[in-house]
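So this block is upload.pdb, PDB, C-alpha atoms and all ligand atoms:
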ATOM      1  CA  MET A   1      30.525 -42.688 -33.223
ATOM      2  CA  LYS A   2      29.517 -39.103 -32.674
ATOM      3  CA  THR A   3      25.866 -40.105 -32.297
ATOM      4  CA  LYS A   4      26.771 -42.822 -29.818
ATOM      5  CA  SER A   5      28.741 -40.463 -27.572
ATOM      6  CA  LEU A   6      25.878 -37.958 -27.657
ATOM      7  CA  VAL A   7      23.446 -40.659 -26.566
ATOM      8  CA  LEU A   8      25.775 -41.683 -23.742
ATOM      9  CA  ALA A   9      26.107 -38.070 -22.646
ATOM     10  CA  LEU A  10      22.339 -37.830 -22.480
ATOM     11  CA  VAL A  11      22.005 -41.062 -20.536
ATOM     12  CA  PHE A  12      24.610 -40.093 -17.959
ATOM     13  CA  GLY A  13      23.938 -36.386 -17.856
ATOM     14  CA  ILE A  14      20.184 -36.389 -17.433
ATOM     15  CA  PHE A  15      17.929 -38.337 -15.152
ATOM     16  CA  CYS A  16      14.416 -38.588 -16.473
ATOM     17  CA  PHE A  17      11.345 -38.766 -14.303
ATOM     18  CA  ASN A  18       7.703 -38.645 -15.134
ATOM     19  CA  ILE A  19       6.120 -36.436 -12.540
ATOM     20  CA  TYR A  20       3.075 -37.442 -10.574
ATOM     21  CA  LEU A  21       0.154 -37.141 -12.968
ATOM     22  CA  SER A  22      -2.574 -35.194 -11.235
ATOM     23  CA  PRO A  23      -6.174 -35.275 -12.525
ATOM     24  CA  ALA A  24      -5.371 -31.973 -14.223
ATOM     25  CA  VAL A  25      -3.488 -33.828 -16.923
ATOM     26  CA  SER A  26      -5.698 -35.277 -19.612
ATOM     27  CA  ALA A  27      -5.009 -38.764 -20.870
ATOM     28  CA  GLY A  28      -3.606 -37.540 -24.173
ATOM     29  CA  ALA A  29      -0.945 -35.143 -22.890
ATOM     30  CA  ARG A  30       2.349 -35.967 -21.254
ATOM     31  CA  ILE A  31       4.420 -33.971 -18.799
ATOM     32  CA  ASP A  32       8.081 -34.882 -18.909
ATOM     33  CA  LEU A  33      10.131 -33.423 -16.110
ATOM     34  CA  LEU A  34      13.818 -33.847 -16.872
ATOM     35  CA  VAL A  35      15.975 -33.206 -13.829
ATOM     36  CA  GLU A  36      19.620 -32.807 -14.741
ATOM     37  CA  HIS A  37      22.388 -34.212 -12.603
ATOM     38  CA  GLY A  38      23.480 -31.552 -10.096
ATOM     39  CA  VAL A  39      20.044 -30.128  -9.264
ATOM     40  CA  GLU A  40      19.733 -30.113  -5.474
ATOM     41  CA  LYS A  41      17.136 -32.516  -4.112
ATOM     42  CA  GLU A  42      15.341 -29.783  -2.181
ATOM     43  CA  ALA A  43      15.208 -27.500  -5.216
ATOM     44  CA  GLU A  44      13.759 -30.354  -7.239
ATOM     45  CA  THR A  45      11.135 -31.036  -4.555
ATOM     46  CA  GLN A  46      10.076 -27.371  -4.573
ATOM     47  CA  ALA A  47       9.862 -27.373  -8.361
ATOM     48  CA  ARG A  48       7.682 -30.505  -8.330
ATOM     49  CA  LEU A  49       5.403 -28.931  -5.713
ATOM     50  CA  ALA A  50       5.056 -25.776  -7.799
ATOM     51  CA  VAL A  51       4.399 -27.732 -11.012
ATOM     52  CA  ASN A  52       1.729 -29.885  -9.360
ATOM     53  CA  ALA A  53       0.127 -26.842  -7.718
ATOM     54  CA  ILE A  54      -0.133 -24.989 -10.994
ATOM     55  CA  PHE A  55      -1.729 -27.894 -12.864
ATOM     56  CA  ASP A  56      -4.177 -28.372  -9.981
ATOM     57  CA  PHE A  57      -4.948 -24.635 -10.024
ATOM     58  CA  PHE A  58      -5.793 -24.730 -13.741
ATOM     59  CA  HIS A  59      -7.902 -27.826 -13.268
ATOM     60  CA  ASN A  60      -9.804 -26.516 -10.237
ATOM     61  CA  THR A  61     -10.189 -22.875 -11.296
ATOM     62  CA  TYR A  62     -10.734 -23.167 -15.019
ATOM     63  CA  GLY A  63     -11.535 -26.851 -15.596
ATOM     64  CA  LEU A  64      -8.534 -26.875 -17.921
ATOM     65  CA  SER A  65      -6.432 -29.920 -18.570
ATOM     66  CA  LEU A  66      -3.188 -30.026 -20.414
ATOM     67  CA  GLU A  67      -3.886 -30.840 -24.041
ATOM     68  CA  ARG A  68      -0.407 -30.577 -25.457
ATOM     69  CA  ASP A  69       2.707 -32.374 -24.292
ATOM     70  CA  ILE A  70       4.981 -30.293 -22.133
ATOM     71  CA  LYS A  71       8.620 -30.938 -21.354
ATOM     72  CA  ILE A  72      10.237 -29.199 -18.379
ATOM     73  CA  VAL A  73      14.019 -29.307 -18.140
ATOM     74  CA  LEU A  74      15.518 -28.343 -14.767
ATOM     75  CA  THR A  75      19.202 -27.450 -14.968
ATOM     76  CA  PRO A  76      21.461 -26.773 -11.944
ATOM     77  CA  ASP A  77      23.477 -23.759 -13.134
ATOM     78  CA  LYS A  78      24.198 -21.306 -15.915
ATOM     79  CA  LEU A  79      26.591 -23.542 -17.817
ATOM     80  CA  ASN A  80      24.194 -26.485 -17.939
ATOM     81  CA  TYR A  81      21.339 -24.096 -18.731
ATOM     82  CA  LYS A  82      23.267 -22.827 -21.752
ATOM     83  CA  ASP A  83      23.969 -26.380 -22.932
ATOM     84  CA  ALA A  84      20.279 -27.281 -22.546
ATOM     85  CA  ILE A  85      19.278 -24.253 -24.681
ATOM     86  CA  LYS A  86      21.603 -25.507 -27.407
ATOM     87  CA  GLN A  87      20.404 -29.081 -27.089
ATOM     88  CA  TRP A  88      16.632 -28.520 -26.920
ATOM     89  CA  TYR A  89      16.195 -25.403 -29.060
ATOM     90  CA  GLY A  90      19.065 -25.982 -31.473
ATOM     91  CA  ALA A  91      20.520 -22.573 -30.560
ATOM     92  CA  SER A  92      24.047 -21.555 -31.525
ATOM     93  CA  GLU A  93      26.776 -21.240 -28.886
ATOM     94  CA  ALA A  94      26.555 -17.421 -29.070
ATOM     95  CA  ALA A  95      22.735 -17.265 -28.869
ATOM     96  CA  ALA A  96      22.601 -19.778 -26.008
ATOM     97  CA  GLY A  97      25.385 -17.897 -24.197
ATOM     98  CA  LEU A  98      23.439 -14.635 -24.413
ATOM     99  CA  GLN A  99      20.162 -16.221 -23.287
ATOM    100  CA  SER A 100      21.859 -17.896 -20.330
ATOM    101  CA  GLU A 101      23.169 -14.496 -19.208
ATOM    102  CA  ILE A 102      19.910 -12.557 -19.456
ATOM    103  CA  THR A 103      17.239 -15.152 -18.558
ATOM    104  CA  SER A 104      16.726 -17.919 -16.018
ATOM    105  CA  GLY A 105      13.899 -19.624 -17.895
ATOM    106  CA  LEU A 106      12.644 -20.005 -21.457
ATOM    107  CA  GLN A 107       9.650 -21.540 -23.150
ATOM    108  CA  SER A 108       9.430 -22.549 -26.782
ATOM    109  CA  ARG A 109       7.119 -24.997 -28.557
ATOM    110  CA  GLY A 110       6.176 -26.897 -25.424
ATOM    111  CA  THR A 111       9.667 -27.155 -23.925
ATOM    112  CA  ILE A 112      10.457 -25.116 -20.819
ATOM    113  CA  ILE A 113      14.075 -24.863 -19.678
ATOM    114  CA  ILE A 114      14.880 -23.453 -16.243
ATOM    115  CA  ASN A 115      18.167 -22.631 -14.571
ATOM    116  CA  LEU A 116      16.969 -23.760 -11.150
ATOM    117  CA  GLY A 117      20.166 -22.690  -9.410
ATOM    118  CA  ASN A 118      20.866 -22.917  -5.738
ATOM    119  CA  ILE A 119      18.090 -23.779  -3.282
ATOM    120  CA  HIS A 120      18.873 -20.698  -1.190
ATOM    121  CA  ASN A 121      18.364 -18.409  -4.115
ATOM    122  CA  ASN A 122      15.911 -20.118  -6.430
ATOM    123  CA  ARG A 123      12.623 -18.357  -5.708
ATOM    124  CA  LYS A 124      13.022 -16.317  -8.884
ATOM    125  CA  GLN A 125      13.574 -19.440 -10.963
ATOM    126  CA  LEU A 126      10.499 -21.160  -9.479
ATOM    127  CA  PHE A 127       8.548 -18.022 -10.311
ATOM    128  CA  VAL A 128       9.803 -18.154 -13.910
ATOM    129  CA  LEU A 129       8.853 -21.844 -14.103
ATOM    130  CA  CYS A 130       5.251 -21.067 -13.068
ATOM    131  CA  HIS A 131       5.122 -17.990 -15.333
ATOM    132  CA  GLU A 132       6.141 -20.079 -18.360
ATOM    133  CA  ILE A 133       3.585 -22.814 -17.590
ATOM    134  CA  VAL A 134       0.849 -20.135 -17.543
ATOM    135  CA  HIS A 135       2.019 -19.055 -21.020
ATOM    136  CA  HIS A 136       1.711 -22.676 -22.127
ATOM    137  CA  PHE A 137      -1.958 -22.717 -21.044
ATOM    138  CA  GLN A 138      -2.561 -19.303 -22.637
ATOM    139  CA  SER A 139      -1.367 -20.492 -26.017
ATOM    140  CA  GLN A 140      -3.353 -23.726 -25.612
ATOM    141  CA  GLU A 141      -6.548 -21.792 -24.872
ATOM    142  CA  CYS A 142      -6.370 -19.006 -27.422
ATOM    143  CA  GLN A 143      -4.489 -20.986 -30.042
ATOM    144  CA  ASN A 144      -1.659 -18.493 -30.218
ATOM    145  CA  GLN A 145      -3.758 -15.455 -31.035
ATOM    146  CA  TYR A 146      -3.352 -13.816 -27.621
ATOM    147  CA  GLY A 147      -0.387 -11.577 -28.443
ATOM    148  CA  SER A 148      -2.346  -8.442 -29.135
ATOM    149  CA  ILE A 149      -2.769  -7.245 -25.531
ATOM    150  CA  ARG A 150       0.597  -7.846 -24.065
ATOM    151  CA  TRP A 151      -0.011  -6.465 -20.567
ATOM    152  CA  MET A 152      -2.757  -9.085 -20.093
ATOM    153  CA  THR A 153      -0.546 -11.954 -21.302
ATOM    154  CA  GLU A 154       2.396 -11.033 -19.064
ATOM    155  CA  GLY A 155       0.353  -9.718 -16.144
ATOM    156  CA  VAL A 156      -1.770 -12.880 -15.958
ATOM    157  CA  ALA A 157       1.358 -15.073 -16.096
ATOM    158  CA  ASN A 158       2.889 -13.105 -13.208
ATOM    159  CA  ALA A 159      -0.292 -12.876 -11.096
ATOM    160  CA  ILE A 160      -0.925 -16.640 -11.295
ATOM    161  CA  ALA A 161       2.757 -17.486 -10.700
ATOM    162  CA  ALA A 162       2.741 -15.307  -7.558
ATOM    163  CA  HIS A 163      -0.478 -16.952  -6.366
ATOM    164  CA  ILE A 164       0.971 -20.463  -6.849
ATOM    165  CA  LEU A 165       4.201 -19.749  -4.952
ATOM    166  CA  ALA A 166       2.212 -18.278  -2.067
ATOM    167  CA  THR A 167      -0.065 -21.360  -2.131
ATOM    168  CA  VAL A 168       2.819 -23.827  -1.869
ATOM    169  CA  GLY A 169       4.422 -21.769   0.912
ATOM    170  CA  ILE A 170       7.593 -20.552  -0.801
ATOM    171  CA  ARG A 171       8.992 -18.063   1.682
ATOM    172  CA  GLY A 172       9.392 -14.409   0.825
ATOM    173  CA  ALA A 173       7.065 -14.598  -2.143
ATOM    174  CA  ASP A 174       5.043 -11.440  -1.495
ATOM    175  CA  TYR A 175       5.133 -10.270  -5.069
ATOM    176  CA  GLN A 176       2.346  -7.736  -4.791
ATOM    177  CA  LYS A 177       4.340  -5.872  -2.159
ATOM    178  CA  GLN A 178       7.470  -6.133  -4.284
ATOM    179  CA  TRP A 179       5.734  -4.775  -7.425
ATOM    180  CA  LEU A 180       4.229  -1.905  -5.447
ATOM    181  CA  GLU A 181       7.583  -0.968  -3.930
ATOM    182  CA  THR A 182       9.242  -1.068  -7.349
ATOM    183  CA  LEU A 183       6.626   1.245  -8.850
ATOM    184  CA  LYS A 184       6.659   3.635  -5.895
ATOM    185  CA  LYS A 185      10.417   4.050  -6.288
ATOM    186  CA  ALA A 186      10.204   4.472 -10.078
ATOM    187  CA  ARG A 187       9.829   7.874 -11.700
ATOM    188  CA  GLY A 188       6.765   6.676 -13.601
ATOM    189  CA  TRP A 189       5.158   3.681 -15.206
ATOM    190  CA  PRO A 190       3.844   2.945 -18.688
ATOM    191  CA  GLY A 191       0.153   3.467 -19.399
ATOM    192  CA  LEU A 192      -1.638   0.180 -20.076
ATOM    193  CA  GLU A 193      -2.960   1.532 -23.375
ATOM    194  CA  LYS A 194       0.673   1.720 -24.524
ATOM    195  CA  LEU A 195       1.335  -1.951 -23.720
ATOM    196  CA  HIS A 196      -0.804  -3.693 -26.331
ATOM    197  CA  THR A 197       1.550  -4.918 -29.029
ATOM    198  CA  PRO A 198       4.852  -6.790 -28.662
ATOM    199  CA  GLN A 199       6.594  -3.712 -30.117
ATOM    200  CA  GLU A 200       5.017  -1.428 -27.491
ATOM    201  CA  TRP A 201       5.948  -3.883 -24.754
ATOM    202  CA  PHE A 202       9.538  -4.030 -25.959
ATOM    203  CA  ALA A 203       9.727  -0.225 -26.138
ATOM    204  CA  ALA A 204       8.427   0.050 -22.550
ATOM    205  CA  LEU A 205      10.999  -2.472 -21.312
ATOM    206  CA  GLN A 206      13.652  -0.121 -22.595
ATOM    207  CA  ALA A 207      12.033   3.207 -21.706
ATOM    208  CA  TYR A 208      11.275   2.185 -18.115
ATOM    209  CA  ASN A 209      12.838  -1.107 -17.090
ATOM    210  CA  PRO A 210      11.609  -4.715 -17.025
ATOM    211  CA  GLU A 211      10.642  -4.602 -13.302
ATOM    212  CA  VAL A 212       8.524  -1.464 -13.758
ATOM    213  CA  THR A 213       6.864  -2.717 -16.951
ATOM    214  CA  TYR A 214       6.089  -6.206 -15.619
ATOM    215  CA  GLY A 215       5.103  -4.711 -12.264
ATOM    216  CA  THR A 216       2.556  -2.410 -13.906
ATOM    217  CA  ALA A 217       1.001  -5.264 -15.907
ATOM    218  CA  SER A 218       0.949  -7.547 -12.843
ATOM    219  CA  LEU A 219      -0.711  -4.989 -10.565
ATOM    220  CA  ALA A 220      -3.320  -4.264 -13.261
ATOM    221  CA  VAL A 221      -4.196  -7.966 -13.394
ATOM    222  CA  LEU A 222      -4.310  -8.181  -9.581
ATOM    223  CA  ASN A 223      -6.807  -5.321  -9.758
ATOM    224  CA  LEU A 224      -8.976  -7.441 -12.060
ATOM    225  CA  VAL A 225      -8.572 -10.409  -9.674
ATOM    226  CA  ARG A 226      -9.718  -8.328  -6.693
ATOM    227  CA  TRP A 227     -12.685  -7.164  -8.715
ATOM    228  CA  ARG A 228     -13.788 -10.391 -10.413
ATOM    229  CA  GLY A 229     -11.617 -13.213  -9.005
ATOM    230  CA  TYR A 230      -9.278 -15.521 -10.904
ATOM    231  CA  GLN A 231     -12.046 -17.163 -12.907
ATOM    232  CA  PRO A 232     -12.495 -14.608 -15.754
ATOM    233  CA  LEU A 233      -8.772 -14.419 -16.522
ATOM    234  CA  PHE A 234      -8.959 -17.496 -18.694
ATOM    235  CA  ALA A 235     -12.447 -16.734 -19.992
ATOM    236  CA  TYR A 236     -10.619 -13.865 -21.700
ATOM    237  CA  PHE A 237      -7.997 -16.142 -23.297
ATOM    238  CA  SER A 238     -10.609 -18.694 -24.383
ATOM    239  CA  ALA A 239     -12.725 -15.940 -25.985
ATOM    240  CA  LEU A 240      -9.732 -14.873 -28.104
ATOM    241  CA  LYS A 241     -10.323 -17.944 -30.258
ATOM    242  CA  GLN A 242     -13.391 -16.232 -31.739
ATOM    243  CA  THR A 243     -13.103 -12.538 -31.099
ATOM    244  CA  SER A 244     -10.928  -9.445 -30.762
ATOM    245  CA  PRO A 245      -9.071  -8.726 -27.505
ATOM    246  CA  GLU A 246     -11.438  -5.805 -26.814
ATOM    247  CA  ASP A 247     -14.544  -8.012 -27.125
ATOM    248  CA  ALA A 248     -12.881 -10.863 -25.225
ATOM    249  CA  PHE A 249     -12.101  -8.477 -22.362
ATOM    250  CA  TYR A 250     -15.680  -7.215 -22.308
ATOM    251  CA  GLN A 251     -17.084 -10.758 -22.324
ATOM    252  CA  ALA A 252     -14.777 -11.857 -19.503
ATOM    253  CA  PHE A 253     -14.930  -8.825 -17.186
ATOM    254  CA  GLY A 254     -18.084  -6.967 -18.213
ATOM    255  CA  ALA A 255     -16.142  -3.740 -18.759
ATOM    256  CA  ARG A 256     -14.580  -1.935 -21.690
ATOM    257  CA  ILE A 257     -10.833  -2.358 -21.781
ATOM    258  CA  ASP A 258     -10.164   1.298 -22.616
ATOM    259  CA  ASP A 259     -12.202   2.385 -19.569
ATOM    260  CA  PHE A 260     -10.248  -0.006 -17.354
ATOM    261  CA  GLU A 261      -6.931   1.157 -18.787
ATOM    262  CA  LYS A 262      -7.806   4.823 -18.247
ATOM    263  CA  GLN A 263      -8.918   4.423 -14.654
ATOM    264  CA  PHE A 264      -6.138   2.044 -13.542
ATOM    265  CA  ARG A 265      -3.632   3.374 -11.021
ATOM    266  CA  PRO A 266      -1.150   0.928  -9.464
ATOM    267  CA  PHE A 267      -1.517   2.618  -6.019
TER     268      PHE A 267
HETATM  269 ZN    ZN B   1       6.155 -13.992 -20.016
END

If you took the structure in this file and wrote it as structure tokens, what would it be?
Ligand SMILES: [Zn+2]
Amino acid sequence: MKTKSLVLALVFGIFCFNIYLSPAVSAGARIDLLVEHGVEKEAETQARLAVNAIFDFFHNTYGLSLERDIKIVLTPDKLNYKDAIKQWYGASEAAAGLQSEITSGLQSRGTIIINLGNIHNNRKQLFVLCHEIVHHFQSQECQNQYGSIRWMTEGVANAIAAHILATVGIRGADYQKQWLETLKKARGWPGLEKLHTPQEWFAALQAYNPEVTYGTASLAVLNLVRWRGYQPLFAYFSALKQTSPEDAFYQAFGARIDDFEKQFRPF
């Protein structure tokens, strides 16, 4: 009886759509976009545009297709977001409650959950959606060994997410300007050489704040983009399959990472 009512809740609560499959999606992998009841039509349209643009970007820029199934769950508000975290990740009420307060998007084992929110205020959520899809491609390409240089992982996810939102014409998405303003107002920023491990990243989030830490990583990656274009960003992640982050960086950008880290200034 319990199982039956759960199934009914799923059937009535969630409308399932398969999104338009662009050439970027290889025959073996599926994208399931689950749009929960209550998501505004316009917000859904924007999310679909962003999702298609990001898969096209990976296909056109890196020749990368999706190799693993990905499920994207769009929820309309915090309460539904919390329920989706419980449902899809098996999280407890307390853990899901905390996550729904401090995040607007999560990614775990191929399932991305986004609190898409209100159309008038959902630019941040669309950004998170793109950011998490970039992480999906990163783990696909380096087979989950990319964690060692954290500023690259997070900075690349932010730089590509910003590029996609600008490409699809989401208004007010001048992230470079925003990151610069944040850092100019801050009393300082973390040195890139202190943002390698997850522990260092976590310490910086607390010592500075998330905006300053992410902003620093994002502006560093935009520096690389200005210098070498978007193309080498994923040459780096692909190289991590065989080699250390330092060698992967050298192969991708033709420079030593410690030299780059020492000379980098956000402005
Ligand atoms: Zn991230």

So what do you get for atom CA of Cys142 of chain A versus atom CA of Val168 of chain A, distance-wise?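 That distance, rounded to one decimal, is 27.6 Å.
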
Report as a list in words all protein, DNA and RNA residues lying within 7 Å of segment 106-119 of chain A, evaluated on only C-alpha atoms, omitting residues in the same chain fewer than 3 positions from it.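 What passes the distance filter is Glu40, Glu42, Ala43, Asp69, Ile70, Lys71, Ile72, Val73, Leu74, Thr75, Pro76, Asp77, Lys78, Tyr81, Asn122, Gln125, Leu129, Glu132 and His136 of chain A.
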
Among listed residues A:Leu222, A:Ala161, A:Ala84, A:Ala29, nearest Val51 of chain A (using all atoms listed in the file):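 Once distances to Val51 of chain A are computed over all atoms listed in the file, the minimum belongs to A:Ala161.
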
Hey, can I get the axis-aligned box for segment 194-197 of chain A? All listed atoms, 8 Å padding on each side, centre and edge lengths in Å to one decimal, as AutoDock Vina command-line options.
--center_x 0.4 --center_y -1.6 --center_z -26.4 --size_x 18.4 --size_y 22.6 --size_z 21.3

Could the residues that lie within 7 Å of ligand ZN 1 (chain B), counting only C-alpha atoms and all ligand atoms, be listed as a ChimeraX atom specification? /A:131-132,135,154,157

What is the distance, in Å and to one decimal place, between atom CA of Gln140 of chain A and atom CA of Thr45 of chain A?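 About the pair atom CA of Gln140 of chain A and atom CA of Thr45 of chain A: they are 26.6 Å apart.
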
Which residue out of A:Arg171, A:Lys184, A:Ala95, A:Gln178 has the minimum interatomic distance to Asn121 of chain A when only C-alpha atoms are used?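 The shortest atom-to-atom distance to Asn121 of chain A comes from A:Arg171.
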
Residue by residue, what does the PyMOL selection byres (((chain A and resi 246-249) around 12) and not hetatm) grab here? Present the result as an MDAnalysis selection string. chainID A and resid 142 145:146 148:149 152 193 196 221 224 232:245 250:261

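Take the candidates A:Phe127, A:Phe202, A:Tyr62, A:Phe264 and check each one against Ile170 of chain A using all atoms listed in the file; the shortest distance goes to A:Phe127.
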
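This file gives the following result for the PyMOL selection byres (((chain A and resi 55-57) around 10) and not hetatm): Leu21, Ser22, Pro23, Ala24, Val25, Ala50, Val51, Asn52, Ala53, Ile54, Phe58, His59, Asn60, Thr61, Tyr62, Gly63, Leu64, Ser65, Leu66, Cys130, Ile133, Val134, Phe137, Ile160, His163, Ile164 and Thr167 of chain A.
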
Close residues, Trp179 of chain A itself excluded, 8 Å, all atoms listed in the file, min 6 positions apart in chain, as a short mmCIF file (atom, residue, chain, number, x, y, z; two decimals) with C-alpha atoms, in the coordinates of the input:
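In the end it all went to out_11.cif:
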data_model
loop_
_atom_site.label_atom_id
_atom_site.label_comp_id
_atom_site.auth_asym_id
_atom_site.auth_seq_id
_atom_site.Cartn_x
_atom_site.Cartn_y
_atom_site.Cartn_z
CA GLU A 211 10.64 -4.60 -13.30
CA VAL A 212 8.52 -1.46 -13.76
CA GLY A 215 5.10 -4.71 -12.26
CA THR A 216 2.56 -2.41 -13.91
CA SER A 218 0.95 -7.55 -12.84
CA LEU A 219 -0.71 -4.99 -10.56
#

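The two atoms in question, atom CA of Asp32 of chain A and atom CA of Glu141 of chain A, are spaced 20.5 Å apart.
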
Residue with the minimum atom-to-atom distance to Thr197 of chain A, picked from A:Ala217, A:Trp151, A:Asp174, A:Thr103 with only C-alpha atoms counted, is A:Trp151

Kindly indicate which residue among A:Arg30, A:Gln87, A:Leu126, A:Gly188 lies nearest to Arg48 of chain A, using all atoms listed in the file for the distances.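 Among the listed residues, the smallest separation from Arg48 of chain A belongs to A:Leu126.
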
I need the residue nearest Arg265 of chain A from this list: A:Ala91, A:Val225, A:Leu183, A:Leu49. Use only C-alpha atoms for the distance. A:Leu183
